[in-house]
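Next comes structure_12.cif, with mmCIF, C-alpha atoms.
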data_upload
loop_
_atom_site.label_atom_id
_atom_site.label_comp_id
_atom_site.auth_asym_id
_atom_site.auth_seq_id
_atom_site.Cartn_x
_atom_site.Cartn_y
_atom_site.Cartn_z
CA MET A 762 123.90 -41.73 20.77
CA THR A 763 126.29 -40.89 17.96
CA GLN A 764 129.92 -40.37 18.85
CA SER A 765 131.31 -36.90 18.27
CA PRO A 766 134.02 -37.16 15.60
CA ASP A 767 136.15 -34.56 17.36
CA LEU A 768 136.22 -36.67 20.58
CA GLN A 769 137.42 -39.66 18.54
CA ASP A 770 140.46 -37.60 17.57
CA TRP A 771 141.66 -38.07 21.18
CA VAL A 772 141.96 -41.86 20.85
CA GLY A 773 145.66 -42.76 20.80
CA ARG A 774 146.75 -39.57 22.59
CA LYS A 775 149.56 -40.23 25.07
CA THR A 776 151.22 -38.49 27.96
CA THR A 777 154.31 -39.54 29.87
CA ALA A 778 155.43 -38.75 33.41
CA GLN A 779 158.68 -39.65 35.12
CA ASP A 780 159.36 -39.95 38.82
CA THR A 781 161.99 -41.30 41.16
CA LEU A 782 160.18 -43.49 43.67
CA SER A 783 161.32 -41.84 46.87
CA PRO A 784 160.63 -43.88 50.02
CA GLN A 785 158.99 -40.90 51.78
CA PRO A 786 155.51 -41.10 50.18
CA ALA A 787 155.45 -44.86 50.89
CA LYS A 788 156.36 -44.17 54.52
CA PHE A 789 153.50 -41.65 54.69
CA MET A 790 151.14 -44.34 53.40
CA GLN A 791 152.42 -46.79 56.02
CA ALA A 792 151.76 -44.18 58.72
CA THR A 793 148.28 -43.51 57.31
CA LEU A 794 147.53 -47.23 57.56
CA ASP A 795 148.89 -47.28 61.11
CA ARG A 796 151.83 -49.47 60.11
CA GLU A 797 155.43 -49.24 61.18
CA GLN A 798 157.41 -47.15 58.68
CA THR A 799 159.78 -49.85 57.46
CA LEU A 800 160.08 -49.21 53.71
CA SER A 801 163.39 -47.88 52.44
CA GLN A 802 165.59 -47.57 49.35
CA GLY A 803 165.54 -50.77 47.27
CA ASP A 804 162.38 -52.23 48.81
CA ALA A 805 159.48 -53.24 46.57
CA LEU A 806 156.60 -50.78 46.51
CA PRO A 807 153.38 -52.55 47.59
CA PRO A 808 150.83 -53.11 44.78
CA LEU A 809 148.68 -50.06 43.92
CA TRP A 810 150.92 -47.66 45.85
CA HIS A 811 152.17 -46.36 42.50
CA TRP A 812 149.27 -43.88 42.88
CA LEU A 813 151.47 -41.99 45.35
CA TYR A 814 153.83 -41.08 42.50
CA PHE A 815 153.70 -39.34 39.11
CA LEU A 816 151.69 -36.51 40.64
CA GLU A 817 151.26 -33.35 38.63
CA ALA A 818 151.37 -29.85 40.13
CA ARG A 819 149.07 -27.49 38.25
CA PRO A 820 148.32 -23.81 38.91
CA ALA A 821 144.78 -23.23 40.17
CA SER A 822 143.99 -21.42 36.91
CA GLU A 823 144.53 -24.71 35.03
CA LEU A 824 142.07 -26.66 37.19
CA GLY A 825 138.40 -27.25 36.55
CA ARG A 826 135.72 -26.63 39.15
CA ASP A 827 136.19 -30.25 40.33
CA ALA A 828 139.90 -29.51 41.10
CA HIS A 829 141.12 -31.86 38.35
CA PRO A 830 143.06 -30.53 35.35
CA LYS A 831 140.79 -28.74 32.90
CA ARG A 832 139.47 -30.88 30.07
CA GLY A 833 141.12 -30.53 26.71
CA GLY A 834 144.69 -31.14 27.89
CA PHE A 835 145.30 -34.89 27.94
CA LEU A 836 141.65 -35.86 28.43
CA PRO A 837 139.13 -34.93 25.75
CA PRO A 838 137.02 -31.79 26.25
CA VAL A 839 133.82 -33.62 27.25
CA THR A 840 131.25 -30.98 28.19
CA LEU A 841 129.41 -33.01 30.83
CA PRO A 842 129.42 -31.47 34.34
CA ARG A 843 130.83 -34.36 36.43
CA ARG A 844 133.66 -36.87 36.21
CA MET A 845 134.02 -40.16 38.00
CA TRP A 846 136.24 -43.18 37.93
CA ALA A 847 134.10 -46.10 36.77
CA GLY A 848 136.55 -48.97 37.34
CA GLY A 849 139.87 -50.49 36.51
CA ARG A 850 141.90 -53.62 35.92
CA PHE A 851 145.47 -54.19 37.04
CA GLU A 852 148.28 -56.49 35.99
CA PHE A 853 151.51 -56.61 37.95
CA HIS A 854 154.52 -57.86 35.98
CA ALA A 855 157.39 -56.82 38.25
CA PRO A 856 157.70 -54.80 41.46
CA LEU A 857 158.56 -51.12 41.43
CA LEU A 858 161.59 -50.51 43.62
CA LEU A 859 161.91 -47.57 45.96
CA GLY A 860 164.69 -45.18 45.08
CA GLU A 861 164.62 -46.07 41.39
CA PRO A 862 163.30 -43.98 38.49
CA ALA A 863 160.10 -45.06 36.73
CA THR A 864 158.04 -43.83 33.80
CA LYS A 865 154.25 -43.86 33.47
CA THR A 866 152.74 -43.67 30.00
CA SER A 867 149.01 -43.01 29.75
CA THR A 868 147.17 -43.68 26.49
CA ILE A 869 143.54 -42.92 25.61
CA LYS A 870 142.24 -46.22 24.25
CA SER A 871 138.61 -45.27 23.55
CA VAL A 872 136.00 -42.54 23.91
CA VAL A 873 132.40 -43.76 23.90
CA GLU A 874 129.34 -41.56 24.31
CA LYS A 875 126.14 -43.19 25.59
CA SER A 876 122.71 -42.27 26.85
CA GLY A 877 121.58 -43.59 30.24
CA ARG A 878 118.57 -43.23 32.54
CA THR A 879 119.83 -39.87 33.77
CA GLY A 880 120.98 -38.56 30.41
CA ARG A 881 124.23 -38.37 28.48
CA LEU A 882 127.38 -40.22 29.55
CA CYS A 883 130.86 -40.40 28.11
CA PHE A 884 133.30 -43.20 28.92
CA VAL A 885 136.99 -42.50 28.35
CA THR A 886 139.17 -45.59 28.67
CA VAL A 887 142.77 -44.80 29.61
CA GLN A 888 145.57 -47.36 29.79
CA HIS A 889 148.43 -46.60 32.17
CA GLN A 890 151.70 -48.50 31.90
CA VAL A 891 154.49 -48.05 34.43
CA HIS A 892 157.99 -49.02 33.39
CA ARG A 893 161.10 -49.33 35.49
CA GLY A 894 164.64 -49.67 34.14
CA ASP A 895 164.26 -53.26 32.99
CA GLY A 896 160.73 -53.17 31.57
CA LEU A 897 157.02 -53.12 32.29
CA ALA A 898 156.11 -53.24 35.95
#
Translate this file's structure into structure tokens.
Amino acid sequence: MTQSPDLQDWVGRKTTAQDTLSPQPAKFMQATLDREQTLSQGDALPPLWHWLYFLEARPASELGRDAHPKRGGFLPPVTLPRRMWAGGRFEFHAPLLLGEPATKTSTIKSVVEKSGRTGRLCFVTVQHQVHRGDGLA
């Protein structure tokens, strides 16, 4: 399947979000996992719990029928009906510390259209980097 030139224009697009890593969401996760709520200011955030932060509030009118932000904002306007997360890789360089500010930069690295057994597919590879005050986390 030939790649749409207009979708290739999205490669290199970036978005940045900032957040202060409040202990409260981490305490909610501890409670959800039936753990004692021990995390507080200055403690290291457990790996992968960064997903509790950098959340974006969008009006309902800016959401697609799948409740994710409409296509054509940061992500390319792929016209296929469903989205899914196909996988990921993680590298941890330094812990994120509760109570400190952090910045997440997301970059579209590639957009590849394919044809599979069930029809058309489009794979959008996004790299997320989270930085704290002294560098990449």
Selection: 10 Å around Val887 in chain A, only C-alpha atoms, excl. self and same-chain fewer than 2 positions, as a PDB file with C-alpha atoms, in the frame of the given file:
ATOM      1  CA  VAL A 772     141.960 -41.860  20.850  1.00  0.00           C
ATOM      2  CA  GLY A 773     145.660 -42.760  20.800  1.00  0.00           C
ATOM      3  CA  ARG A 774     146.750 -39.570  22.590  1.00  0.00           C
ATOM      4  CA  LYS A 775     149.560 -40.230  25.070  1.00  0.00           C
ATOM      5  CA  LEU A 836     141.650 -35.860  28.430  1.00  0.00           C
ATOM      6  CA  GLY A 849     139.870 -50.490  36.510  1.00  0.00           C
ATOM      7  CA  SER A 867     149.010 -43.010  29.750  1.00  0.00           C
ATOM      8  CA  THR A 868     147.170 -43.680  26.490  1.00  0.00           C
ATOM      9  CA  ILE A 869     143.540 -42.920  25.610  1.00  0.00           C
ATOM     10  CA  LYS A 870     142.240 -46.220  24.250  1.00  0.00           C
ATOM     11  CA  SER A 871     138.610 -45.270  23.550  1.00  0.00           C
ATOM     12  CA  VAL A 872     136.000 -42.540  23.910  1.00  0.00           C
ATOM     13  CA  PHE A 884     133.300 -43.200  28.920  1.00  0.00           C
ATOM     14  CA  VAL A 885     136.990 -42.500  28.350  1.00  0.00           C
ATOM     15  CA  HIS A 889     148.430 -46.600  32.170  1.00  0.00           C
ATOM     16  CA  GLN A 890     151.700 -48.500  31.900  1.00  0.00           C
TER      17      GLN A 890
END
Can you give me, as a ChimeraX atom specification, the residues this file yields under the PyMOL selection byres ((chain A and resi 806) around 6)? /A:805,807,857-858
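Distances to Pro862 in chain A were evaluated for A:Glu797, A:Asp780, A:Asp770, A:Asp804 using only C-alpha atoms, and the minimum falls at A:Asp780.
Between CA of Arg850 in chain A and CA of Ser783 in chain A there is a distance of 25.2 Å.
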Could you check how far CA of Lys865 in chain A sits from CA of Ala778 in chain A, in Å to one decimal? 5.2 Å
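The nearest approach to Arg844 in chain A among the residues A:Ala828, A:Met790, A:Leu897, A:Ala863, with all atoms listed in the file taken into account, belongs to A:Ala828.
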Would you translate the PyMOL selection byres ((chain A and resi 782) around 6) into the concrete set of residues it matches in this file, as an mmCIF file with C-alpha atoms, in the coordinates of the input?
data_model
loop_
_atom_site.group_PDB
_atom_site.id
_atom_site.type_symbol
_atom_site.label_atom_id
_atom_site.label_comp_id
_atom_site.auth_asym_id
_atom_site.auth_seq_id
_atom_site.Cartn_x
_atom_site.Cartn_y
_atom_site.Cartn_z
ATOM 1 C CA THR A 781 161.990 -41.300 41.160
ATOM 2 C CA SER A 783 161.320 -41.840 46.870
ATOM 3 C CA LEU A 859 161.910 -47.570 45.960
ATOM 4 C CA GLY A 860 164.690 -45.180 45.080
ATOM 5 C CA GLU A 861 164.620 -46.070 41.390
#
With the PyMOL selection byres ((chain A and resi 817) around 12) as the selection, what would be picked from this file? Answer as a ChimeraX atom specification, please. /A:776-780,812-816,818-820,823-824,829-830
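If you measure from each of A:Gly896, A:Gly877, A:Phe853, A:Pro784 to Leu809 in chain A using all atoms listed in the file, the closest one turns out to be A:Phe853.
Reported to one decimal place, the separation of CA of Gln785 in chain A from CA of Thr864 in chain A is 18.2 Å.
Closest approach to Ala855 in chain A among A:Ala787, A:Ala898, A:Leu768, A:Leu800 is made by A:Ala898 (distances from all atoms listed in the file).
Closest approach to Lys788 in chain A among A:Gln769, A:Phe851, A:Trp810, A:His892 is made by A:Trp810 (distances from all atoms listed in the file).
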Build an axis-aligned box that encloses every atom of range 801-808 of chain A listed in the file, pad it by 4 Å on each side, and report its centre and edge lengths in Å to one decimal, as AutoDock Vina command-line options.
--center_x 158.2 --center_y -50.4 --center_z 48.6 --size_x 22.8 --size_y 13.7 --size_z 15.7
Render range 814-828 of chain A from the structure in the preceding block as a file of all heavy atoms, as a short mmCIF file (atom, residue, chain, number, x, y, z; two decimals), in the first residue's frame.
data_model
loop_
_atom_site.label_atom_id
_atom_site.label_comp_id
_atom_site.auth_asym_id
_atom_site.auth_seq_id
_atom_site.Cartn_x
_atom_site.Cartn_y
_atom_site.Cartn_z
N TYR A 814 0.09 11.12 34.91
CA TYR A 814 0.36 12.55 34.80
C TYR A 814 0.30 12.99 33.33
O TYR A 814 0.13 12.17 32.44
CB TYR A 814 1.72 12.87 35.42
CG TYR A 814 1.76 12.47 36.88
CD1 TYR A 814 2.19 11.20 37.26
CD2 TYR A 814 1.29 13.33 37.87
CE1 TYR A 814 2.19 10.81 38.60
CE2 TYR A 814 1.29 12.95 39.20
CZ TYR A 814 1.73 11.68 39.56
OH TYR A 814 1.72 11.30 40.88
N PHE A 815 0.40 14.27 33.10
CA PHE A 815 0.37 14.87 31.77
C PHE A 815 -0.96 14.62 31.07
O PHE A 815 -1.03 14.50 29.85
CB PHE A 815 1.52 14.34 30.89
CG PHE A 815 2.87 14.43 31.55
CD1 PHE A 815 3.49 13.27 32.03
CD2 PHE A 815 3.50 15.64 31.71
CE1 PHE A 815 4.72 13.34 32.64
CE2 PHE A 815 4.74 15.72 32.33
CZ PHE A 815 5.35 14.56 32.80
N LEU A 816 -2.02 14.53 31.86
CA LEU A 816 -3.35 14.27 31.29
C LEU A 816 -3.91 15.56 30.70
O LEU A 816 -3.65 16.66 31.18
CB LEU A 816 -4.28 13.72 32.36
CG LEU A 816 -3.79 12.43 33.04
CD1 LEU A 816 -4.75 12.01 34.13
CD2 LEU A 816 -3.59 11.33 32.03
N GLU A 817 -4.70 15.41 29.67
CA GLU A 817 -5.23 16.54 28.93
C GLU A 817 -6.75 16.57 29.07
O GLU A 817 -7.41 15.58 28.79
CB GLU A 817 -4.84 16.32 27.47
CG GLU A 817 -4.88 17.52 26.63
CD GLU A 817 -4.39 17.20 25.22
OE1 GLU A 817 -4.02 16.05 24.93
OE2 GLU A 817 -4.41 18.13 24.43
N ALA A 818 -7.28 17.68 29.51
CA ALA A 818 -8.73 17.85 29.59
C ALA A 818 -9.22 18.47 28.29
O ALA A 818 -8.74 19.53 27.89
CB ALA A 818 -9.10 18.74 30.77
N ARG A 819 -10.12 17.79 27.61
CA ARG A 819 -10.67 18.28 26.35
C ARG A 819 -12.18 18.35 26.44
O ARG A 819 -12.81 17.46 27.00
CB ARG A 819 -10.32 17.32 25.21
CG ARG A 819 -8.88 17.23 24.84
CD ARG A 819 -8.55 18.34 23.84
NE ARG A 819 -7.19 18.29 23.41
CZ ARG A 819 -6.79 17.81 22.24
NH1 ARG A 819 -7.65 17.33 21.40
NH2 ARG A 819 -5.52 17.84 21.93
N PRO A 820 -12.80 19.38 25.88
CA PRO A 820 -14.26 19.42 25.81
C PRO A 820 -14.77 18.24 24.99
O PRO A 820 -14.09 17.77 24.06
CB PRO A 820 -14.56 20.74 25.09
CG PRO A 820 -13.31 21.54 25.16
CD PRO A 820 -12.17 20.56 25.29
N ALA A 821 -15.95 17.77 25.29
CA ALA A 821 -16.53 16.64 24.59
C ALA A 821 -16.59 16.89 23.08
O ALA A 821 -16.44 15.96 22.28
CB ALA A 821 -17.92 16.34 25.14
N SER A 822 -16.78 18.14 22.68
CA SER A 822 -16.87 18.46 21.26
C SER A 822 -15.54 18.24 20.52
O SER A 822 -15.51 18.19 19.30
CB SER A 822 -17.33 19.90 21.07
OG SER A 822 -16.39 20.79 21.65
N GLU A 823 -14.43 18.11 21.26
CA GLU A 823 -13.12 17.89 20.65
C GLU A 823 -12.70 16.42 20.71
O GLU A 823 -11.56 16.09 20.40
CB GLU A 823 -12.06 18.76 21.34
CG GLU A 823 -12.25 20.23 21.09
CD GLU A 823 -11.17 21.07 21.76
OE1 GLU A 823 -10.11 20.53 22.13
OE2 GLU A 823 -11.41 22.28 21.93
N LEU A 824 -13.63 15.56 21.12
CA LEU A 824 -13.33 14.13 21.21
C LEU A 824 -13.96 13.38 20.05
O LEU A 824 -15.03 13.74 19.58
CB LEU A 824 -13.85 13.55 22.53
CG LEU A 824 -13.28 14.17 23.80
CD1 LEU A 824 -13.94 13.54 25.02
CD2 LEU A 824 -11.77 14.05 23.85
N GLY A 825 -13.29 12.31 19.64
CA GLY A 825 -13.85 11.43 18.62
C GLY A 825 -14.85 10.48 19.25
O GLY A 825 -15.04 10.46 20.47
N ARG A 826 -15.44 9.64 18.42
CA ARG A 826 -16.45 8.70 18.96
C ARG A 826 -15.84 7.66 19.88
O ARG A 826 -16.53 7.01 20.64
CB ARG A 826 -17.25 8.06 17.85
CG ARG A 826 -16.42 7.24 16.89
CD ARG A 826 -17.28 6.58 15.87
NE ARG A 826 -17.00 5.15 16.01
CZ ARG A 826 -17.23 4.26 15.11
NH1 ARG A 826 -17.83 4.60 14.01
NH2 ARG A 826 -16.92 3.02 15.29
N ASP A 827 -14.50 7.52 19.87
CA ASP A 827 -13.82 6.58 20.77
C ASP A 827 -13.36 7.27 22.07
O ASP A 827 -12.66 6.68 22.87
CB ASP A 827 -12.64 5.92 20.07
CG ASP A 827 -11.58 6.91 19.60
OD1 ASP A 827 -11.75 8.13 19.81
OD2 ASP A 827 -10.58 6.46 19.00
N ALA A 828 -13.76 8.52 22.26
CA ALA A 828 -13.46 9.33 23.46
C ALA A 828 -12.02 9.79 23.54
O ALA A 828 -11.61 10.37 24.54
CB ALA A 828 -13.88 8.62 24.74
#
